[in-house]
file run_32.txt (compact mmCIF, C-alpha atoms)
# COMPACT_ATOMS: atom_id res chain seq x y z
CA LEU T 62 13.75 -34.31 14.14
CA GLY T 63 11.33 -33.27 11.45
CA GLU T 64 10.27 -35.31 8.41
CA ARG T 65 13.77 -35.47 6.87
CA GLY T 66 15.31 -36.55 10.15
CA GLN T 67 12.75 -39.30 10.64
CA VAL T 68 13.41 -40.58 7.11
CA ALA T 69 17.15 -40.69 7.85
CA LEU T 70 16.60 -42.63 11.06
CA GLU T 71 14.32 -45.15 9.37
CA THR T 72 16.87 -45.58 6.58
CA ALA T 73 19.64 -46.19 9.11
CA ARG T 74 17.56 -48.75 10.98
CA SER T 75 16.69 -50.65 7.82
CA SER T 76 20.17 -50.64 6.25
CA SER T 77 22.55 -51.12 9.17
CA THR T 78 25.98 -52.20 7.95
CA ARG T 79 27.84 -54.36 10.42
CA PHE T 80 31.34 -53.35 11.48
CA THR T 81 33.33 -56.58 11.08
CA TRP T 82 36.88 -57.31 12.06
CA GLU T 83 38.85 -60.40 11.07
CA ARG T 84 41.59 -60.96 13.63
CA PRO T 85 44.33 -63.36 12.46
CA ALA T 86 44.73 -66.27 14.84
CA ALA T 87 48.36 -65.38 15.51
CA MET T 88 47.71 -61.69 16.14
CA SER T 89 49.09 -60.58 19.50
CA LYS T 90 49.04 -56.79 19.25
CA ASN T 91 46.96 -54.85 21.75
CA ILE T 92 44.91 -51.75 20.94
CA VAL T 93 44.61 -48.70 23.20
CA MET T 94 42.02 -46.10 22.17
CA ILE T 95 42.16 -42.79 24.09
CA SER T 96 39.32 -40.37 23.42
CA VAL T 97 39.48 -36.80 24.76
CA ASP T 98 36.48 -34.49 24.57
CA ASP T 99 37.23 -31.15 22.89
CA MET T 100 40.96 -31.80 22.60
CA LEU T 101 41.06 -28.85 20.19
CA ASN T 102 40.83 -26.53 23.19
CA VAL T 103 44.32 -27.60 24.32
CA VAL T 104 45.72 -26.92 20.85
CA ARG T 105 43.81 -23.66 20.41
CA TYR T 106 44.86 -22.14 23.73
CA ARG T 107 48.34 -23.68 24.03
CA ASP T 108 50.05 -20.28 23.68
CA ALA T 109 47.11 -17.93 24.11
CA PHE T 110 47.82 -16.56 27.59
CA GLY T 111 51.56 -16.00 27.62
CA LEU T 112 52.18 -19.26 29.46
CA ARG T 113 52.55 -22.29 27.24
CA ILE T 114 50.40 -25.29 28.12
CA GLU T 115 52.79 -28.21 28.44
CA THR T 116 51.52 -31.71 27.60
CA PRO T 117 54.71 -33.83 27.59
CA ASN T 118 52.97 -37.20 27.94
CA ILE T 119 50.47 -36.52 25.15
CA ASP T 120 53.27 -35.17 22.95
CA ARG T 121 55.43 -38.22 23.63
CA LEU T 122 52.56 -40.55 22.79
CA ALA T 123 51.84 -38.62 19.59
CA ASP T 124 55.49 -38.82 18.56
CA MET T 125 55.28 -42.62 18.71
CA GLY T 126 52.52 -42.75 16.12
CA THR T 127 51.02 -40.81 13.22
CA THR T 128 49.65 -37.29 13.57
CA PHE T 129 46.81 -36.29 11.24
CA GLU T 130 46.98 -32.51 10.88
CA ASN T 131 43.91 -32.17 8.67
CA ALA T 132 41.50 -34.56 10.40
CA VAL T 133 38.04 -33.27 11.26
CA ALA T 134 35.00 -34.58 13.10
CA PRO T 135 32.15 -35.75 10.86
CA VAL T 136 29.75 -33.43 12.69
CA PRO T 137 30.36 -30.78 15.41
CA VAL T 138 28.27 -32.33 18.21
CA CYS T 139 29.21 -35.06 20.66
CA SER T 140 26.70 -37.88 20.15
CA ALA T 141 26.77 -37.79 16.36
CA ALA T 142 30.57 -37.51 16.16
CA ARG T 143 31.09 -40.42 18.56
CA ALA T 144 28.60 -42.52 16.60
CA GLY T 145 30.60 -41.84 13.45
CA VAL T 146 33.86 -42.91 15.08
CA VAL T 147 32.58 -46.17 16.56
CA THR T 148 30.64 -47.23 13.45
CA SER T 149 32.89 -45.82 10.68
CA ARG T 150 29.70 -44.40 9.13
CA SER T 151 28.69 -40.81 8.44
CA PRO T 152 25.71 -39.13 10.14
CA PHE T 153 23.85 -39.49 6.85
CA ALA T 154 24.21 -43.27 7.13
CA THR T 155 23.47 -43.62 10.86
CA GLY T 156 20.75 -40.97 11.03
CA ILE T 157 22.42 -39.50 14.12
CA HIS T 158 22.84 -35.75 13.62
CA SER T 159 22.40 -34.26 17.10
CA ASN T 160 22.78 -35.03 20.79
CA GLN T 161 19.10 -35.88 20.86
CA ASP T 162 19.58 -38.71 18.35
CA LEU T 163 20.55 -41.79 20.35
CA ILE T 164 22.90 -44.44 18.96
CA GLN T 165 21.29 -47.16 21.10
CA GLU T 166 18.03 -46.62 19.22
CA VAL T 167 19.60 -46.93 15.77
CA VAL T 168 22.80 -49.01 15.72
CA PRO T 169 23.13 -52.46 17.35
CA ILE T 170 26.12 -52.47 19.71
CA HIS T 171 27.57 -55.48 17.88
CA ASP T 172 27.83 -53.28 14.76
CA THR T 173 30.34 -50.94 16.43
CA MET T 174 34.13 -51.23 16.62
CA PHE T 175 33.78 -52.44 20.21
CA GLY T 176 31.39 -55.17 19.15
CA ALA T 177 33.73 -56.16 16.33
CA ALA T 178 36.72 -56.34 18.69
CA HIS T 179 34.78 -58.43 21.19
CA ALA T 180 33.59 -60.80 18.47
CA ALA T 181 37.16 -61.12 17.17
CA GLY T 182 38.38 -62.41 20.53
CA PHE T 183 39.89 -59.30 22.10
CA TYR T 184 39.53 -58.75 25.84
CA THR T 185 37.57 -55.49 25.85
CA TRP T 186 38.20 -52.94 28.61
CA ALA T 187 36.62 -49.50 28.97
CA GLN T 188 36.54 -46.78 31.59
CA GLY T 189 35.50 -43.14 31.46
CA LYS T 190 33.44 -41.48 28.75
CA THR T 191 33.39 -43.80 25.77
CA PHE T 192 29.76 -43.19 24.79
CA HIS T 193 27.57 -40.09 24.97
CA GLY T 194 25.37 -40.27 28.07
CA GLN T 195 26.80 -43.59 29.21
CA LEU T 196 25.92 -43.00 32.87
CA LYS T 197 22.27 -43.53 31.97
CA ASP T 198 20.91 -46.99 32.61
CA ASP T 199 19.74 -47.57 29.03
CA VAL T 200 23.19 -46.72 27.63
CA LYS T 201 24.90 -48.98 30.18
CA GLN T 202 22.63 -51.84 29.16
CA TYR T 203 23.33 -51.10 25.49
CA ILE T 204 27.13 -51.24 25.71
CA ALA T 205 27.62 -53.84 28.46
CA PRO T 206 27.33 -56.98 26.21
CA VAL T 207 30.55 -56.19 24.30
CA PHE T 208 32.81 -55.23 27.20
CA ASP T 209 34.55 -57.67 29.51
CA TYR T 210 35.26 -54.77 31.89
CA LEU T 211 33.25 -51.54 31.98
CA ALA T 212 33.44 -48.77 34.57
CA ASP T 213 32.85 -45.03 35.01
CA GLU T 214 34.09 -44.00 38.43
CA GLY T 215 35.14 -40.81 40.19
CA ARG T 216 33.43 -37.66 41.35
CA GLY T 217 32.12 -34.69 39.40
CA ASP T 218 33.85 -32.90 36.58
CA GLY T 219 35.39 -29.94 38.39
CA TRP T 220 33.04 -27.35 36.87
CA GLN T 221 31.80 -24.35 38.83
CA GLY T 222 28.04 -23.87 38.52
CA GLY T 223 25.60 -25.74 36.33
CA TRP T 224 25.72 -26.97 32.75
CA ASN T 225 24.97 -23.52 31.29
CA SER T 226 27.52 -21.64 33.39
CA ILE T 227 30.48 -20.09 31.56
CA ASP T 228 32.88 -20.31 34.53
CA ASP T 229 35.07 -23.21 33.39
CA VAL T 230 38.19 -22.34 35.36
CA GLY T 231 38.65 -22.23 39.11
CA ALA T 232 39.10 -24.19 42.27
CA THR T 233 36.84 -27.13 42.96
CA SER T 234 35.84 -28.73 46.23
CA VAL T 235 36.56 -32.16 44.75
CA PRO T 236 40.20 -33.26 45.23
CA GLU T 237 41.96 -33.87 41.93
CA SER T 238 42.70 -37.44 42.97
CA GLU T 239 38.95 -38.13 43.04
CA LEU T 240 37.97 -36.51 39.73
CA LYS T 241 36.70 -38.84 37.01
CA ASP T 242 39.57 -38.27 34.58
CA THR T 243 42.20 -38.84 37.27
CA VAL T 244 40.51 -42.05 38.41
CA THR T 245 40.17 -43.20 34.79
CA GLY T 246 43.83 -42.52 34.01
CA LYS T 247 45.07 -44.38 37.07
CA ALA T 248 42.79 -47.35 36.33
CA ALA T 249 44.07 -47.50 32.74
CA ALA T 250 47.71 -47.40 33.88
CA LYS T 251 47.05 -50.15 36.43
CA PHE T 252 45.42 -52.33 33.78
CA LEU T 253 48.35 -51.88 31.40
CA ARG T 254 50.81 -52.84 34.13
CA ASN T 255 48.90 -55.88 35.38
CA TYR T 256 47.08 -57.46 32.42
CA ASP T 257 48.21 -61.07 32.03
CA GLY T 258 45.45 -62.54 29.90
CA ASN T 259 46.06 -64.83 26.94
CA ASP T 260 44.05 -62.75 24.47
CA PRO T 261 45.11 -59.37 23.08
CA PHE T 262 43.11 -56.51 24.54
CA PHE T 263 41.15 -53.59 23.12
CA MET T 264 41.23 -50.79 25.64
CA ALA T 265 38.99 -47.70 25.49
CA VAL T 266 40.01 -44.83 27.78
CA GLY T 267 37.50 -41.97 27.81
CA ILE T 268 38.70 -38.56 29.09
CA PHE T 269 35.99 -35.94 29.64
CA LYS T 270 37.94 -32.71 30.05
CA PRO T 271 38.58 -30.20 28.49
CA HIS T 272 34.95 -30.55 27.31
CA LEU T 273 33.07 -27.25 27.60
CA ARG T 274 29.50 -27.14 28.81
CA ASN T 275 28.22 -25.26 25.80
CA VAL T 276 29.56 -27.66 23.12
call {"tool": "encode", "arguments": {"input": "run_32.txt", "output": "C-alpha cells"}}
result
Amino acid sequence: LGERGQVALETARSSSTRFTWERPAAMSKNIVMISVDDMLNVVRYRDAFGLRIETPNIDRLADMGTTFENAVAPVPVCSAARAGVVTSRSPFATGIHSNQDLIQEVVPIHDTMFGAAHAAGFYTWAQGKTFHGQLKDDVKQYIAPVFDYLADEGRGDGWQGGWNSIDDVGATSVPESELKDTVTGKAAAKFLRNYDGNDPFFMAVGIFKPHLRNV
C-alpha cells in the first residue's frame, strides 16, 4: 500500500463510524437489494451491435422506483466500491482503495448496512456475490454473524479460459440452469414467494455477470 495507504488504513481502524439504523416498531416494509457487477456494460452495449439488448424485467423494476442518471461509483474497483456502498463511507474514510485492501480487516461487519439491518430486527437473507471474495473462508466467517440465511451456490461463471482471457462471449459446458446467477435468481424468487416470517426482511441478491475479468 505504501506509507500513505498504511496511514489511511490505520486511520480507518481507529475511527470506525458505526452504520446505525433505527427501525420503527410498526415498520413492516421489506427491503430487496439487487447488486449487479458491471451493470454499465448492459447500458453501454445496449444498441452497439445492431441488435438491441432487451431487459424487460430490469426495465419494469426500474420503472417502479427512482432512476439516478448521474450516479457514480466512489472508486472504479470492486472491493473498494462495495465497501463504500455497504458502509456509506468513502474510500478515504475506510482506507479501502483497491482489491487488495480487505474490508474484513478494517470495518467490523456490524458497522455495515447488513449489520445495521440485522440489529434492527430484519430477517437478513443473502445469496450470490454480495461481498468481494466472499467464497473465501475468512470472508464467509466475517459476514456470517449478520445474516440469518447466507448462500453462494451454482457452478462456474460461464467464462471461456482463465481470469486474464479476453474471450467473454461463447458457449459454455455448464448448463444455464446451473450457473451461479441463474441459481441465485431462482432462490431469490422462491424466497419472495414463500417467506412467512413475522419480521420484515432485508434481502441481498448478488448477480455476478456481466462482470468482465479485467475490471
call {"tool": "atom_distance", "arguments": {"input": "run_32.txt", "atom1": "atom CA of T:Ala141", "atom2": "atom CA of T:Thr116"}}
result
27.9 Å
call {"tool": "closest_residue", "arguments": {"input": "run_32.txt", "among": "T:Asn131, T:Thr173, T:Gln195, T:Ser96", "to": "T:Gly145", "atoms": "all atoms listed in the file"}}
result
T:Thr173
call {"tool": "closest_residue", "arguments": {"input": "run_32.txt", "among": "T:Ala177, T:Cys139, T:Met100, T:His193", "to": "T:Ile119", "atoms": "all atoms listed in the file"}}
result
T:Met100
call {"tool": "atom_distance", "arguments": {"input": "run_32.txt", "atom1": "atom CA of T:Pro271", "atom2": "atom CA of T:Ser151"}}
result
24.7 Å
call {"tool": "closest_residue", "arguments": {"input": "run_32.txt", "among": "T:Val147, T:Ile114, T:Val138, T:Ala154", "to": "T:Met174", "atoms": "all atoms listed in the file"}}
result
T:Val147
call {"tool": "atom_distance", "arguments": {"input": "run_32.txt", "atom1": "atom CA of T:Gly194", "atom2": "atom CA of T:Ala123"}}
result
27.8 Å
call {"tool": "closest_residue", "arguments": {"input": "run_32.txt", "among": "T:Asp172, T:Lys241, T:Leu163, T:Tyr184", "to": "T:Asp257", "atoms": "all atoms listed in the file"}}
result
T:Tyr184
call {"tool": "decode", "arguments": {"input": "run_32.txt", "residues": "stretch 93-203 of chain T", "atoms": "C-alpha atoms", "output": "PDB file, in the first residue's frame"}}
result
ATOM      1  CA  VAL T  93     -34.676  -6.020  -1.568  1.00  0.00           C
ATOM      2  CA  MET T  94     -31.157  -5.026  -2.614  1.00  0.00           C
ATOM      3  CA  ILE T  95     -30.026  -6.307  -6.034  1.00  0.00           C
ATOM      4  CA  SER T  96     -26.384  -5.724  -6.907  1.00  0.00           C
ATOM      5  CA  VAL T  97     -25.121  -6.397 -10.445  1.00  0.00           C
ATOM      6  CA  ASP T  98     -21.416  -6.336 -11.254  1.00  0.00           C
ATOM      7  CA  ASP T  99     -20.533  -4.012 -14.156  1.00  0.00           C
ATOM      8  CA  MET T 100     -24.142  -3.216 -14.999  1.00  0.00           C
ATOM      9  CA  LEU T 101     -22.780  -0.360 -17.119  1.00  0.00           C
ATOM     10  CA  ASN T 102     -21.832  -2.918 -19.766  1.00  0.00           C
ATOM     11  CA  VAL T 103     -25.522  -3.615 -20.462  1.00  0.00           C
ATOM     12  CA  VAL T 104     -26.215   0.108 -20.852  1.00  0.00           C
ATOM     13  CA  ARG T 105     -23.066   0.762 -22.888  1.00  0.00           C
ATOM     14  CA  TYR T 106     -23.639  -2.030 -25.402  1.00  0.00           C
ATOM     15  CA  ARG T 107     -27.455  -1.996 -25.483  1.00  0.00           C
ATOM     16  CA  ASP T 108     -27.523  -0.789 -29.113  1.00  0.00           C
ATOM     17  CA  ALA T 109     -23.903  -1.309 -30.125  1.00  0.00           C
ATOM     18  CA  PHE T 110     -24.248  -4.342 -32.407  1.00  0.00           C
ATOM     19  CA  GLY T 111     -27.387  -3.640 -34.401  1.00  0.00           C
ATOM     20  CA  LEU T 112     -29.481  -5.878 -32.165  1.00  0.00           C
ATOM     21  CA  ARG T 113     -30.926  -4.163 -29.119  1.00  0.00           C
ATOM     22  CA  ILE T 114     -30.333  -5.892 -25.796  1.00  0.00           C
ATOM     23  CA  GLU T 115     -33.758  -6.293 -24.226  1.00  0.00           C
ATOM     24  CA  THR T 116     -34.035  -6.280 -20.420  1.00  0.00           C
ATOM     25  CA  PRO T 117     -37.809  -6.086 -19.798  1.00  0.00           C
ATOM     26  CA  ASN T 118     -37.706  -7.287 -16.190  1.00  0.00           C
ATOM     27  CA  ILE T 119     -34.933  -4.882 -15.176  1.00  0.00           C
ATOM     28  CA  ASP T 120     -36.706  -2.050 -17.004  1.00  0.00           C
ATOM     29  CA  ARG T 121     -40.003  -2.861 -15.299  1.00  0.00           C
ATOM     30  CA  LEU T 122     -38.336  -2.919 -11.900  1.00  0.00           C
ATOM     31  CA  ALA T 123     -36.606   0.394 -12.609  1.00  0.00           C
ATOM     32  CA  ASP T 124     -39.893   1.977 -13.665  1.00  0.00           C
ATOM     33  CA  MET T 125     -41.332   1.155 -10.233  1.00  0.00           C
ATOM     34  CA  GLY T 126     -38.695   3.189  -8.436  1.00  0.00           C
ATOM     35  CA  THR T 127     -36.278   6.077  -8.916  1.00  0.00           C
ATOM     36  CA  THR T 128     -33.569   6.098 -11.568  1.00  0.00           C
ATOM     37  CA  PHE T 129     -30.396   8.050 -10.814  1.00  0.00           C
ATOM     38  CA  GLU T 130     -28.903   9.061 -14.159  1.00  0.00           C
ATOM     39  CA  ASN T 131     -25.813  10.750 -12.741  1.00  0.00           C
ATOM     40  CA  ALA T 132     -24.801   8.262 -10.032  1.00  0.00           C
ATOM     41  CA  VAL T 133     -21.208   7.063  -9.997  1.00  0.00           C
ATOM     42  CA  ALA T 134     -19.178   4.548  -8.027  1.00  0.00           C
ATOM     43  CA  PRO T 135     -16.923   6.047  -5.347  1.00  0.00           C
ATOM     44  CA  VAL T 136     -13.926   4.253  -6.852  1.00  0.00           C
ATOM     45  CA  PRO T 137     -13.565   2.160 -10.063  1.00  0.00           C
ATOM     46  CA  VAL T 138     -12.579  -1.172  -8.474  1.00  0.00           C
ATOM     47  CA  CYS T 139     -14.787  -3.856  -6.974  1.00  0.00           C
ATOM     48  CA  SER T 140     -13.686  -4.257  -3.353  1.00  0.00           C
ATOM     49  CA  ALA T 141     -13.393  -0.544  -2.607  1.00  0.00           C
ATOM     50  CA  ALA T 142     -16.682   0.330  -4.335  1.00  0.00           C
ATOM     51  CA  ARG T 143     -18.584  -2.394  -2.490  1.00  0.00           C
ATOM     52  CA  ALA T 144     -17.082  -1.270   0.808  1.00  0.00           C
ATOM     53  CA  GLY T 145     -18.336   2.244   0.112  1.00  0.00           C
ATOM     54  CA  VAL T 146     -21.860   1.028  -0.605  1.00  0.00           C
ATOM     55  CA  VAL T 147     -22.219  -1.173   2.474  1.00  0.00           C
ATOM     56  CA  THR T 148     -20.667   1.338   4.887  1.00  0.00           C
ATOM     57  CA  SER T 149     -21.861   4.650   3.353  1.00  0.00           C
ATOM     58  CA  ARG T 150     -18.253   5.851   3.713  1.00  0.00           C
ATOM     59  CA  SER T 151     -15.762   6.963   1.082  1.00  0.00           C
ATOM     60  CA  PRO T 152     -12.502   5.088   0.392  1.00  0.00           C
ATOM     61  CA  PHE T 153     -10.710   7.915   2.194  1.00  0.00           C
ATOM     62  CA  ALA T 154     -12.663   7.062   5.344  1.00  0.00           C
ATOM     63  CA  THR T 155     -12.450   3.255   5.122  1.00  0.00           C
ATOM     64  CA  GLY T 156      -8.888   3.079   3.818  1.00  0.00           C
ATOM     65  CA  ILE T 157     -10.022   0.610   1.144  1.00  0.00           C
ATOM     66  CA  HIS T 158      -8.758   1.794  -2.237  1.00  0.00           C
ATOM     67  CA  SER T 159      -8.020  -1.407  -4.170  1.00  0.00           C
ATOM     68  CA  ASN T 160      -8.992  -5.057  -4.454  1.00  0.00           C
ATOM     69  CA  GLN T 161      -6.040  -5.887  -2.245  1.00  0.00           C
ATOM     70  CA  ASP T 162      -7.474  -3.845   0.640  1.00  0.00           C
ATOM     71  CA  LEU T 163      -9.825  -6.141   2.543  1.00  0.00           C
ATOM     72  CA  ILE T 164     -12.952  -4.841   4.269  1.00  0.00           C
ATOM     73  CA  GLN T 165     -12.838  -7.645   6.850  1.00  0.00           C
ATOM     74  CA  GLU T 166      -9.511  -6.276   8.095  1.00  0.00           C
ATOM     75  CA  VAL T 167     -10.778  -2.721   8.516  1.00  0.00           C
ATOM     76  CA  VAL T 168     -14.542  -2.486   9.095  1.00  0.00           C
ATOM     77  CA  PRO T 169     -16.442  -4.589  11.674  1.00  0.00           C
ATOM     78  CA  ILE T 170     -19.336  -6.382   9.954  1.00  0.00           C
ATOM     79  CA  HIS T 171     -21.774  -4.865  12.462  1.00  0.00           C
ATOM     80  CA  ASP T 172     -20.812  -1.425  11.100  1.00  0.00           C
ATOM     81  CA  THR T 173     -22.212  -2.222   7.638  1.00  0.00           C
ATOM     82  CA  MET T 174     -25.772  -1.823   6.345  1.00  0.00           C
ATOM     83  CA  PHE T 175     -26.266  -5.567   6.753  1.00  0.00           C
ATOM     84  CA  GLY T 176     -25.192  -5.407  10.376  1.00  0.00           C
ATOM     85  CA  ALA T 177     -27.484  -2.442  10.949  1.00  0.00           C
ATOM     86  CA  ALA T 178     -30.447  -4.259   9.387  1.00  0.00           C
ATOM     87  CA  HIS T 179     -29.798  -7.364  11.459  1.00  0.00           C
ATOM     88  CA  ALA T 180     -29.512  -5.322  14.655  1.00  0.00           C
ATOM     89  CA  ALA T 181     -32.763  -3.507  13.803  1.00  0.00           C
ATOM     90  CA  GLY T 182     -34.678  -6.785  13.710  1.00  0.00           C
ATOM     91  CA  PHE T 183     -34.851  -7.537   9.992  1.00  0.00           C
ATOM     92  CA  TYR T 184     -34.600 -11.138   8.803  1.00  0.00           C
ATOM     93  CA  THR T 185     -31.446 -10.924   6.688  1.00  0.00           C
ATOM     94  CA  TRP T 186     -31.157 -13.076   3.559  1.00  0.00           C
ATOM     95  CA  ALA T 187     -28.295 -13.113   1.053  1.00  0.00           C
ATOM     96  CA  GLN T 188     -27.274 -15.207  -1.922  1.00  0.00           C
ATOM     97  CA  GLY T 189     -24.783 -14.647  -4.718  1.00  0.00           C
ATOM     98  CA  LYS T 190     -21.992 -12.080  -4.761  1.00  0.00           C
ATOM     99  CA  THR T 191     -22.700  -9.586  -2.010  1.00  0.00           C
ATOM    100  CA  PHE T 192     -19.083  -9.140  -0.881  1.00  0.00           C
ATOM    101  CA  HIS T 193     -15.804  -9.166  -2.805  1.00  0.00           C
ATOM    102  CA  GLY T 194     -14.156 -12.568  -2.458  1.00  0.00           C
ATOM    103  CA  GLN T 195     -16.948 -13.996  -0.336  1.00  0.00           C
ATOM    104  CA  LEU T 196     -16.208 -17.603  -1.327  1.00  0.00           C
ATOM    105  CA  LYS T 197     -13.072 -17.431   0.802  1.00  0.00           C
ATOM    106  CA  ASP T 198     -13.370 -18.861   4.290  1.00  0.00           C
ATOM    107  CA  ASP T 199     -12.269 -15.682   6.064  1.00  0.00           C
ATOM    108  CA  VAL T 200     -14.902 -13.598   4.245  1.00  0.00           C
ATOM    109  CA  LYS T 201     -17.613 -16.166   4.999  1.00  0.00           C
ATOM    110  CA  GLN T 202     -16.704 -16.037   8.677  1.00  0.00           C
ATOM    111  CA  TYR T 203     -16.715 -12.236   8.556  1.00  0.00           C
TER     112      TYR T 203
END
